[in-house]
Every structure is written in structure tokens, then in C-alpha cells.
$ cat model_8.cif   # mmCIF, C-alpha atoms and all ligand atoms
data_run
loop_
_atom_site.label_atom_id
_atom_site.label_comp_id
_atom_site.auth_asym_id
_atom_site.auth_seq_id
_atom_site.Cartn_x
_atom_site.Cartn_y
_atom_site.Cartn_z
CA MET A 584 93.09 160.38 122.63
CA SER A 585 94.47 158.72 119.59
CA LYS A 586 98.08 158.67 118.52
CA VAL A 587 99.25 158.62 114.91
CA ILE A 588 102.68 157.06 114.29
CA ALA A 589 104.50 157.01 110.94
CA LEU A 590 107.01 154.23 110.26
CA ALA A 591 109.53 155.91 108.03
CA ASN A 592 112.94 155.41 106.52
CA GLN A 593 113.75 156.19 102.90
CA LYS A 594 116.04 153.18 102.85
CA GLY A 595 114.22 150.14 101.53
CA GLY A 596 113.90 146.80 103.28
CA VAL A 597 114.65 147.95 106.82
CA GLY A 598 111.55 146.49 108.49
CA LYS A 599 108.99 149.32 108.28
CA THR A 600 106.17 147.10 107.08
CA THR A 601 107.02 144.19 109.39
CA THR A 602 107.03 146.63 112.30
CA ALA A 603 103.70 148.15 111.25
CA VAL A 604 102.10 144.69 111.27
CA ASN A 605 103.57 143.46 114.55
CA LEU A 606 103.41 146.70 116.50
CA GLY A 607 99.84 147.21 115.27
CA ILE A 608 98.70 143.73 116.21
CA GLY A 609 100.71 143.98 119.45
CA LEU A 610 98.77 147.11 120.41
CA ALA A 611 95.48 145.43 119.49
CA ALA A 612 96.40 142.52 121.79
CA GLU A 613 96.73 145.11 124.57
CA GLY A 614 93.14 146.11 123.95
CA LYS A 615 93.80 149.14 121.76
CA LYS A 616 91.78 150.04 118.71
CA VAL A 617 94.23 150.15 115.83
CA LEU A 618 94.10 151.23 112.19
CA LEU A 619 97.01 150.58 109.85
CA LEU A 620 97.38 152.75 106.74
CA ASP A 621 99.30 151.34 103.82
CA GLY A 622 101.05 154.40 102.46
CA ASP A 623 103.23 152.51 100.01
CA ALA A 624 102.34 151.91 96.36
CA GLN A 625 104.00 148.49 96.64
CA GLY A 626 101.07 147.48 98.88
CA ASN A 627 103.32 145.29 101.00
CA LEU A 628 101.45 145.97 104.21
CA THR A 629 98.16 145.06 102.57
CA ASP A 630 99.74 141.92 101.14
CA SER A 631 101.36 141.00 104.47
CA LEU A 632 97.98 141.08 106.16
CA GLY A 633 96.66 138.46 103.78
CA PHE A 634 95.09 140.70 101.13
CA HIS A 635 97.43 139.32 98.55
CA GLU A 636 96.19 141.24 95.53
CA PRO A 637 96.22 144.85 96.67
CA ASP A 638 96.01 146.18 93.10
CA SER A 639 92.63 144.54 92.59
CA LEU A 640 90.99 146.36 95.50
CA SER A 641 88.49 148.92 94.27
CA VAL A 642 88.76 151.20 97.32
CA SER A 643 92.08 152.03 98.93
CA LEU A 644 93.96 154.87 100.56
CA ALA A 645 94.54 156.27 97.07
CA THR A 646 90.75 156.54 96.57
CA MET A 647 90.43 158.53 99.78
CA LEU A 648 93.31 160.86 98.91
CA VAL A 649 91.93 161.51 95.41
CA LYS A 650 88.56 162.41 96.93
CA GLY A 651 90.36 164.68 99.36
CA MET A 652 92.19 166.41 96.51
CA THR A 653 89.05 166.94 94.45
CA GLU A 654 87.11 167.96 97.55
CA GLU A 655 84.44 165.40 96.77
CA PRO A 656 82.52 164.32 99.85
CA TYR A 657 83.36 160.78 100.88
CA GLU A 658 82.75 158.15 103.50
CA PRO A 659 86.18 157.66 105.10
CA ARG A 660 85.35 154.21 106.48
CA GLU A 661 84.54 152.80 103.08
CA GLY A 662 87.27 150.41 102.05
CA ILE A 663 88.62 149.73 105.55
CA LEU A 664 89.37 146.01 105.81
CA HIS A 665 89.41 143.97 109.00
CA HIS A 666 92.18 141.54 109.88
CA HIS A 667 91.30 138.59 112.10
CA GLU A 668 93.98 139.45 114.64
CA GLY A 669 91.98 142.49 115.66
CA ILE A 670 93.14 145.42 113.56
CA ASP A 671 91.69 147.51 110.76
CA LEU A 672 93.55 148.28 107.55
CA MET A 673 93.11 150.97 104.96
CA PRO A 674 94.86 149.20 102.11
CA GLY A 675 97.34 150.73 99.70
CA ASN A 676 98.24 149.81 96.16
CA ILE A 677 99.82 150.93 92.91
CA GLU A 678 97.30 153.76 92.57
CA LEU A 679 99.24 155.63 95.21
CA SER A 680 101.99 156.34 92.69
CA ALA A 681 99.53 158.25 90.48
CA VAL A 682 98.29 160.09 93.57
CA GLU A 683 101.85 161.04 94.46
CA VAL A 684 102.28 162.64 91.03
CA ALA A 685 98.91 164.40 91.20
CA LEU A 686 99.67 165.80 94.65
CA VAL A 687 102.43 168.00 93.27
CA ASN A 688 99.88 170.30 91.61
CA THR A 689 97.35 170.29 94.42
CA MET A 690 96.62 172.96 96.98
CA SER A 691 97.47 171.83 100.50
CA ARG A 692 99.36 168.97 98.91
CA GLU A 693 101.20 168.13 102.12
CA THR A 694 98.10 167.75 104.25
CA ILE A 695 95.73 165.62 102.17
CA MET A 696 96.56 162.52 104.20
CA ARG A 697 96.17 164.46 107.43
CA SER A 698 92.60 165.39 106.44
CA TYR A 699 91.87 161.72 105.85
CA VAL A 700 93.47 160.66 109.14
CA ASP A 701 91.54 163.36 111.02
CA SER A 702 88.29 162.01 109.63
CA VAL A 703 88.81 158.52 111.11
CA LYS A 704 90.87 159.36 114.19
CA ALA A 705 88.00 159.32 116.65
CA ASP A 706 87.49 155.58 116.10
CA TYR A 707 91.03 154.52 117.06
CA ASP A 708 93.61 154.62 119.84
CA TYR A 709 96.50 154.19 117.41
CA ILE A 710 96.87 154.80 113.70
CA LEU A 711 100.11 153.50 112.20
CA ILE A 712 101.20 154.67 108.75
CA ASP A 713 103.54 152.43 106.79
CA CYS A 714 105.62 154.72 104.55
CA MET A 715 107.26 153.95 101.24
CA PRO A 716 111.05 153.92 100.95
CA SER A 717 111.42 157.51 99.77
CA LEU A 718 111.18 161.02 101.12
CA GLY A 719 108.64 161.98 98.45
CA MET A 720 105.19 163.54 98.80
CA MET A 721 103.59 160.46 100.30
CA THR A 722 106.09 160.31 103.14
CA ILE A 723 105.81 164.07 103.71
CA ASN A 724 102.03 163.59 103.91
CA ALA A 725 102.47 160.81 106.46
CA LEU A 726 104.80 162.98 108.57
CA ALA A 727 102.34 165.86 108.32
CA ALA A 728 99.55 163.59 109.56
CA ALA A 729 101.54 161.98 112.37
CA ASP A 730 102.11 162.79 116.02
CA SER A 731 105.38 160.91 115.92
CA VAL A 732 107.70 158.84 113.82
CA ILE A 733 109.47 155.55 114.48
CA ILE A 734 112.56 154.91 112.36
CA PRO A 735 113.39 151.26 111.78
CA VAL A 736 117.06 150.77 110.95
CA GLN A 737 118.58 147.57 109.70
CA ALA A 738 121.37 146.49 111.98
CA HIS A 739 123.80 145.43 109.29
CA TYR A 740 124.01 148.76 107.58
CA LEU A 741 125.51 151.91 109.00
CA PRO A 742 122.73 154.45 108.63
CA ALA A 743 124.61 157.70 109.25
CA LYS A 744 123.93 159.60 106.03
CA GLY A 745 120.38 158.43 105.42
CA MET A 746 119.45 159.17 109.02
CA THR A 747 120.70 162.75 108.76
CA GLN A 748 118.55 163.29 105.66
CA LEU A 749 115.52 161.76 107.29
CA LEU A 750 115.95 163.81 110.46
CA GLN A 751 116.31 166.96 108.36
CA THR A 752 113.05 166.12 106.61
CA VAL A 753 111.35 165.58 109.97
CA ALA A 754 112.71 168.94 111.17
CA ARG A 755 111.43 170.67 108.03
CA VAL A 756 107.97 169.14 108.35
CA ARG A 757 107.95 170.21 112.00
CA ARG A 758 108.89 173.79 111.10
CA GLN A 759 106.57 174.21 108.16
CA ILE A 760 103.57 171.97 108.60
CA ASN A 761 103.34 169.98 111.81
CA PRO A 762 105.00 171.57 114.88
CA LYS A 763 103.96 168.72 117.19
CA LEU A 764 105.77 165.99 115.22
CA ALA A 765 108.03 164.01 117.58
CA VAL A 766 110.57 161.31 116.91
CA ASP A 767 109.62 158.40 119.16
CA GLY A 768 112.81 156.61 118.37
CA VAL A 769 115.08 154.50 116.25
CA LEU A 770 114.37 150.78 116.17
CA LEU A 771 117.14 148.34 115.34
CA THR A 772 115.79 145.50 113.23
CA MET A 773 117.17 142.24 111.83
CA VAL A 774 119.81 142.11 114.54
CA ASP A 775 122.00 139.07 114.11
CA SER A 776 123.27 138.45 117.60
CA ARG A 777 125.90 136.03 116.30
CA THR A 778 127.87 138.87 114.75
CA ASN A 779 129.78 141.67 116.40
CA PHE A 780 128.81 143.91 113.52
CA ALA A 781 125.25 144.31 114.79
CA LYS A 782 126.61 145.14 118.24
CA ASP A 783 128.88 147.76 116.68
CA ILE A 784 125.98 149.41 114.83
CA SER A 785 123.92 149.42 117.99
CA PHE A 786 126.84 151.01 119.83
CA VAL A 787 127.51 153.64 117.14
CA LEU A 788 123.81 154.56 116.93
CA ARG A 789 123.52 154.98 120.68
CA ARG A 790 126.80 156.92 120.79
CA ASP A 791 126.05 159.29 117.89
CA TYR A 792 122.32 159.80 118.32
CA GLY A 793 121.63 158.62 121.86
CA ASP A 794 121.55 162.08 123.42
CA LYS A 795 119.21 163.49 120.75
CA LEU A 796 117.05 160.50 120.02
CA ARG A 797 115.67 157.51 121.80
CA VAL A 798 117.12 154.28 120.51
CA PHE A 799 114.55 151.70 121.62
CA ASN A 800 115.90 149.25 124.20
CA THR A 801 114.15 146.54 122.26
CA GLU A 802 116.05 145.25 119.25
CA ILE A 803 114.31 143.00 116.73
CA PRO A 804 116.32 139.83 116.06
CA LEU A 805 117.01 138.53 112.58
CA SER A 806 114.89 135.46 112.01
CA ILE A 807 113.60 133.54 109.06
CA ARG A 808 110.35 133.16 111.04
CA ALA A 809 109.79 136.92 110.70
CA ALA A 810 110.41 136.80 106.97
CA GLU A 811 107.84 134.01 106.62
CA THR A 812 104.92 135.92 108.12
CA SER A 813 104.00 138.10 105.14
CA ALA A 814 103.24 135.16 102.86
CA LYS A 815 101.05 133.71 105.63
CA GLY A 816 99.12 136.95 106.11
CA LYS A 817 99.56 136.91 109.86
CA SER A 818 101.60 138.41 112.64
CA ILE A 819 104.66 136.89 114.27
CA TYR A 820 102.53 136.28 117.40
CA ALA A 821 100.32 133.92 115.41
CA HIS A 822 103.11 132.40 113.33
CA ASP A 823 105.77 131.78 115.97
CA PRO A 824 104.35 132.81 119.34
CA ASN A 825 107.23 131.54 121.44
CA GLY A 826 110.02 132.83 119.23
CA GLN A 827 112.43 135.69 119.90
CA VAL A 828 110.87 138.01 117.33
CA ALA A 829 107.40 137.71 118.90
CA LYS A 830 108.93 138.49 122.30
CA ALA A 831 110.80 141.47 120.87
CA TYR A 832 107.73 142.95 119.17
CA ALA A 833 105.72 142.48 122.37
CA ALA A 834 108.45 144.36 124.26
CA LEU A 835 108.47 147.11 121.63
CA THR A 836 104.69 147.40 122.00
CA LYS A 837 105.17 148.07 125.73
CA GLU A 838 107.91 150.62 125.07
CA VAL A 839 105.73 152.47 122.57
CA GLN A 840 102.84 152.61 125.02
CA ASP A 841 105.16 153.88 127.74
CA ILE A 842 106.21 156.83 125.57
CA GLY A 843 102.62 158.05 125.64
CA SER A 844 102.49 157.96 129.42
CA GLU A 845 105.97 159.51 129.82
CA ARG A 846 104.91 162.46 127.68
CA ARG A 847 101.66 162.82 129.62
CA SER A 848 103.46 162.85 132.94
CA ALA A 849 106.08 165.33 131.64
CA ARG A 850 103.22 167.64 130.59
CA GLN A 851 101.51 167.16 133.95
CA HIS A 852 104.78 167.94 135.75
CA LYS A 853 105.16 171.16 133.74
CA ALA A 854 101.57 172.15 134.44
CA ASP A 855 102.01 171.45 138.17
CA GLN A 856 105.14 173.59 138.28
CA SER A 857 103.50 176.54 136.59
CA ARG A 858 100.63 176.54 139.07
N1 LIG B 1 113.39 140.43 111.94
C1 LIG B 1 113.50 140.00 110.69
N2 LIG B 1 114.26 138.93 110.39
C2 LIG B 1 114.38 138.49 109.12
N3 LIG B 1 113.76 139.03 108.07
C3 LIG B 1 112.98 140.09 108.30
C4 LIG B 1 112.79 140.64 109.62
N4 LIG B 1 111.97 141.70 109.53
C5 LIG B 1 111.63 141.81 108.23
N5 LIG B 1 112.22 140.86 107.49
C6 LIG B 1 112.13 140.66 106.03
O1 LIG B 1 112.95 141.64 105.40
C7 LIG B 1 112.32 142.17 104.24
C8 LIG B 1 112.12 143.67 104.41
O2 LIG B 1 111.24 143.91 105.49
P1 LIG B 1 110.05 144.96 105.36
O3 LIG B 1 109.25 144.69 104.15
O4 LIG B 1 109.34 144.99 106.66
O5 LIG B 1 110.90 146.29 105.16
P2 LIG B 1 110.41 147.70 104.62
O6 LIG B 1 111.29 148.72 105.25
O7 LIG B 1 108.95 147.85 104.81
O8 LIG B 1 110.73 147.58 103.06
P3 LIG B 1 110.30 148.63 101.92
O9 LIG B 1 111.23 149.77 102.08
O10 LIG B 1 110.48 147.88 100.64
O11 LIG B 1 108.88 149.01 102.18
C9 LIG B 1 111.01 141.41 104.10
O12 LIG B 1 111.20 140.35 103.23
C10 LIG B 1 110.73 140.91 105.51
O13 LIG B 1 109.97 139.71 105.52
MG MG B 2 107.49 148.33 103.40
#
$ encode --input "model_8.cif" --output "C-alpha cells"
Amino acid sequence: MSKVIALANQKGGVGKTTTAVNLGIGLAAEGKKVLLLDGDAQGNLTDSLGFHEPDSLSVSLATMLVKGMTEEPYEPREGILHHHEGIDLMPGNIELSAVEVALVNTMSRETIMRSYVDSVKADYDYILIDCMPSLGMMTINALAAADSVIIPVQAHYLPAKGMTQLLQTVARVRRQINPKLAVDGVLLTMVDSRTNFAKDISFVLRRDYGDKLRVFNTEIPLSIRAAETSAKGKSIYAHDPNGQVAKAYAALTKEVQDIGSERRSARQHKADQSR
């Protein structure tokens, strides 16, 4: 069974794309079949994986969504790129902003991405969707297509208000479109262990949200090595294999896989009890 995870936070620059790359490649290193979807018109995910001119690609996620909107038949695998560290990528680019506008006047406008995801799901164990920094139609589409969401949060910024808005959006999508949508957890990124401030944010997050939400045990350290990877078009495992960020993303990969098995055993437990 495949799992679809959206990386979402309407705040910009919190580590969504970096997490998509390194969680995706981390899962591939564990033998999983992984597709990354670049759901951001900035095309940062595409760029970070070494396809440095996303706007020049003739087929992208936007192409697939337009075909979905016009109900034209299409081959969903067309345009999928392969990255040498073992993952597939459906690239994204500037054309997604036009799609976002067009979606507003489309029937089933919230579920166009879900139809696309459903058409390729059978080929993958994990599909990760990198969202843009907004709660617009594209993010709603990603949440509608996803089984769960991971919320990266930058450790030097108190997220209280933005988090409430994001969680309200998740709750609305769950009520209206996608009842199975779960929040896998909040991921602290760019943690500068030299400052107490990061420790305070970690504490406040766990205190205020810890009973409702998982805050991943793994925290991603702040490191220039992580910031360097996107220009190189590779993961942190290839760029700095022995560094702290590579270790952290490998630990996150394990935590994310464990969530799947926890949920399965919770379901099994329930089924056993009702027998
Ligand atoms: N652990 C880290 N340490 C230092 N820099 C990092 C780390 N993770 C990401 N960065 C850098 O921080 C910037 C923002 O990261 P990223 O692009 O992953 O965030 P984002 O949430 O996807 O941003 P956007 O909202 O614009 O899509 C990038 O320049 C990235 O290279
Ligand atoms: Mg991004």
C-alpha cells in the first residue's frame, strides 16, 4: 500500500523542500519506491534535484493537472524524471501559478491533484508532495490528495498563529474532502543547538501541541551543509554523509516509517478487540 504525504506550511523558507528531498531519498535508501511531486510554482524541488531550469521543461505537474481539468486522456507517467539517488520526480514550474488560477473555475477543483496521484499510486510506496508557501488551491489539492501531512517548522520562529491557521485548514479539508487526512507531525528544522531560543521553541511546541500532535523526536540541525545541497542537485546523504543533518534526516526517515506500522498495529488491535 502506498502512502501519500504532503509537506506543508504556508510560512516560506521553513524546510519543506529540503525535507521532501532528504526524506524522499532516505526512504529510497530503505528500499522504498518513491515519487516526489513538486507542487510549488517556484520549482525549488525540481531545481534542488539538479533539474536547474524547471521552467524549460515541456511536461510537468501543471501539464497533468491541466489535462485533468479538461478531462483529456493522458499518460500520467509522461514527464516523470529520475534522480540518480533512486527517486522519481514529477517536476513543477511556473505554469503551476496559471493552473492555480484556472482551478478556481473548475468542477472538482479541490481534487484534480488527487486524480493525478491516484493514477500513479500503484507504482510507489511513498509519494511526497512539496507544497508552496500558501494555503491556496494548490495546497488544498495536495491535502486532498494526501493520507497525511508533515509540518516543518523553523526553530527560530514561534509558529503559534500560522500553525493554528494551517491546522484549521487541515481540519476543513478533512471535514469536506478527505476524511482520512492525518497529521503525521511537526518537524523542527534549522535547529541551532548553540542557542537557548531553539530549545525554547521546541519546549513551547511540545507543551502547546504535544498532546494533540506528534512533534517528531528528530530535530533537523541548522547547517550550511544542508543549504549547499540544492545547488549541487543532491541529497545531504551524498553531499555530507557523516554530518549531523544526514544523521537527522535518516532518523526522521525511520520515524516516518514507524508511523505507518504504528497505525497498522492500532487498526489490528481494534479489529482484534471487536472480534
Ligand atoms: N537544516 C538546514 N540548515 C541550514 N539551512 C537550511 C536547512 N534546511 C534548509 N535550509 C535552507 O533554508 C532555505 C529554505 O529551505 P527550503 O527551501 O527547504 O524551505 P521551504 O519551506 O521549502 O521554502 P519555500 O516556502 O520557499 O518553498 C533554503 O535555502 C535551504 O537550503
Ligand atoms: Mg519549498
$ residues_around --input "model_8.cif" --residues "A:Gln827" --least-positions-apart "3" --cutoff "12 Å" --atoms "all atoms listed in the file" --output "PyMOL selection string"
chain A and resi 773-776+801-809+819-820+822-824+830-834
$ closest_residue --input "model_8.cif" --among "A:Gly614, A:Pro716, A:Gly826, A:Gly816" --to "ligand LIG 1 (chain B)" --atoms "all atoms listed in the file"
A:Pro716
$ residues_near_ligand --input "model_8.cif" --ligand "ligand LIG 1 (chain B)" --cutoff "8 Å" --atoms "all atoms listed in the file" --output "PDB file with C-alpha atoms, in the frame of the given file"
ATOM      1  CA  ALA A 591     109.530 155.910 108.030  1.00  0.00           C
ATOM      2  CA  ASN A 592     112.940 155.410 106.520  1.00  0.00           C
ATOM      3  CA  GLN A 593     113.750 156.190 102.900  1.00  0.00           C
ATOM      4  CA  LYS A 594     116.040 153.180 102.850  1.00  0.00           C
ATOM      5  CA  GLY A 595     114.220 150.140 101.530  1.00  0.00           C
ATOM      6  CA  GLY A 596     113.900 146.800 103.280  1.00  0.00           C
ATOM      7  CA  VAL A 597     114.650 147.950 106.820  1.00  0.00           C
ATOM      8  CA  GLY A 598     111.550 146.490 108.490  1.00  0.00           C
ATOM      9  CA  LYS A 599     108.990 149.320 108.280  1.00  0.00           C
ATOM     10  CA  THR A 600     106.170 147.100 107.080  1.00  0.00           C
ATOM     11  CA  THR A 601     107.020 144.190 109.390  1.00  0.00           C
ATOM     12  CA  THR A 602     107.030 146.630 112.300  1.00  0.00           C
ATOM     13  CA  ALA A 603     103.700 148.150 111.250  1.00  0.00           C
ATOM     14  CA  ASP A 623     103.230 152.510 100.010  1.00  0.00           C
ATOM     15  CA  GLN A 625     104.000 148.490  96.640  1.00  0.00           C
ATOM     16  CA  ASN A 627     103.320 145.290 101.000  1.00  0.00           C
ATOM     17  CA  LEU A 628     101.450 145.970 104.210  1.00  0.00           C
ATOM     18  CA  ASP A 713     103.540 152.430 106.790  1.00  0.00           C
ATOM     19  CA  CYS A 714     105.620 154.720 104.550  1.00  0.00           C
ATOM     20  CA  MET A 715     107.260 153.950 101.240  1.00  0.00           C
ATOM     21  CA  PRO A 716     111.050 153.920 100.950  1.00  0.00           C
ATOM     22  CA  PRO A 735     113.390 151.260 111.780  1.00  0.00           C
ATOM     23  CA  THR A 772     115.790 145.500 113.230  1.00  0.00           C
ATOM     24  CA  MET A 773     117.170 142.240 111.830  1.00  0.00           C
ATOM     25  CA  VAL A 774     119.810 142.110 114.540  1.00  0.00           C
ATOM     26  CA  ILE A 803     114.310 143.000 116.730  1.00  0.00           C
ATOM     27  CA  PRO A 804     116.320 139.830 116.060  1.00  0.00           C
ATOM     28  CA  LEU A 805     117.010 138.530 112.580  1.00  0.00           C
ATOM     29  CA  SER A 806     114.890 135.460 112.010  1.00  0.00           C
ATOM     30  CA  ILE A 807     113.600 133.540 109.060  1.00  0.00           C
ATOM     31  CA  ARG A 808     110.350 133.160 111.040  1.00  0.00           C
ATOM     32  CA  ALA A 809     109.790 136.920 110.700  1.00  0.00           C
ATOM     33  CA  ALA A 810     110.410 136.800 106.970  1.00  0.00           C
ATOM     34  CA  GLU A 811     107.840 134.010 106.620  1.00  0.00           C
ATOM     35  CA  THR A 812     104.920 135.920 108.120  1.00  0.00           C
ATOM     36  CA  SER A 813     104.000 138.100 105.140  1.00  0.00           C
ATOM     37  CA  VAL A 828     110.870 138.010 117.330  1.00  0.00           C
TER      38      VAL A 828
END
$ atom_distance --input "model_8.cif" --atom1 "atom CA of A:Glu668" --atom2 "atom CA of A:Ser680"
28.8 Å
$ residues_around --input "model_8.cif" --residues "A:Phe786" --least-positions-apart "5" --cutoff "12 Å" --atoms "all atoms listed in the file" --output "PDB file with C-alpha atoms, in the coordinates of the input"
ATOM      1  CA  ALA A 738     121.370 146.490 111.980  1.00  0.00           C
ATOM      2  CA  LEU A 741     125.510 151.910 109.000  1.00  0.00           C
ATOM      3  CA  LEU A 771     117.140 148.340 115.340  1.00  0.00           C
ATOM      4  CA  ASN A 779     129.780 141.670 116.400  1.00  0.00           C
ATOM      5  CA  PHE A 780     128.810 143.910 113.520  1.00  0.00           C
ATOM      6  CA  ALA A 781     125.250 144.310 114.790  1.00  0.00           C
ATOM      7  CA  ASP A 791     126.050 159.290 117.890  1.00  0.00           C
ATOM      8  CA  TYR A 792     122.320 159.800 118.320  1.00  0.00           C
ATOM      9  CA  GLY A 793     121.630 158.620 121.860  1.00  0.00           C
ATOM     10  CA  VAL A 798     117.120 154.280 120.510  1.00  0.00           C
ATOM     11  CA  ASN A 800     115.900 149.250 124.200  1.00  0.00           C
TER      12      ASN A 800
END
$ atom_distance --input "model_8.cif" --atom1 "atom CA of A:Ile784" --atom2 "atom CA of A:Leu835"
18.9 Å
$ closest_residue --input "model_8.cif" --among "A:Lys616, A:Ala589, A:Asp621, A:His666" --to "ligand MG 2 (chain B)" --atoms "all atoms listed in the file"
A:Asp621
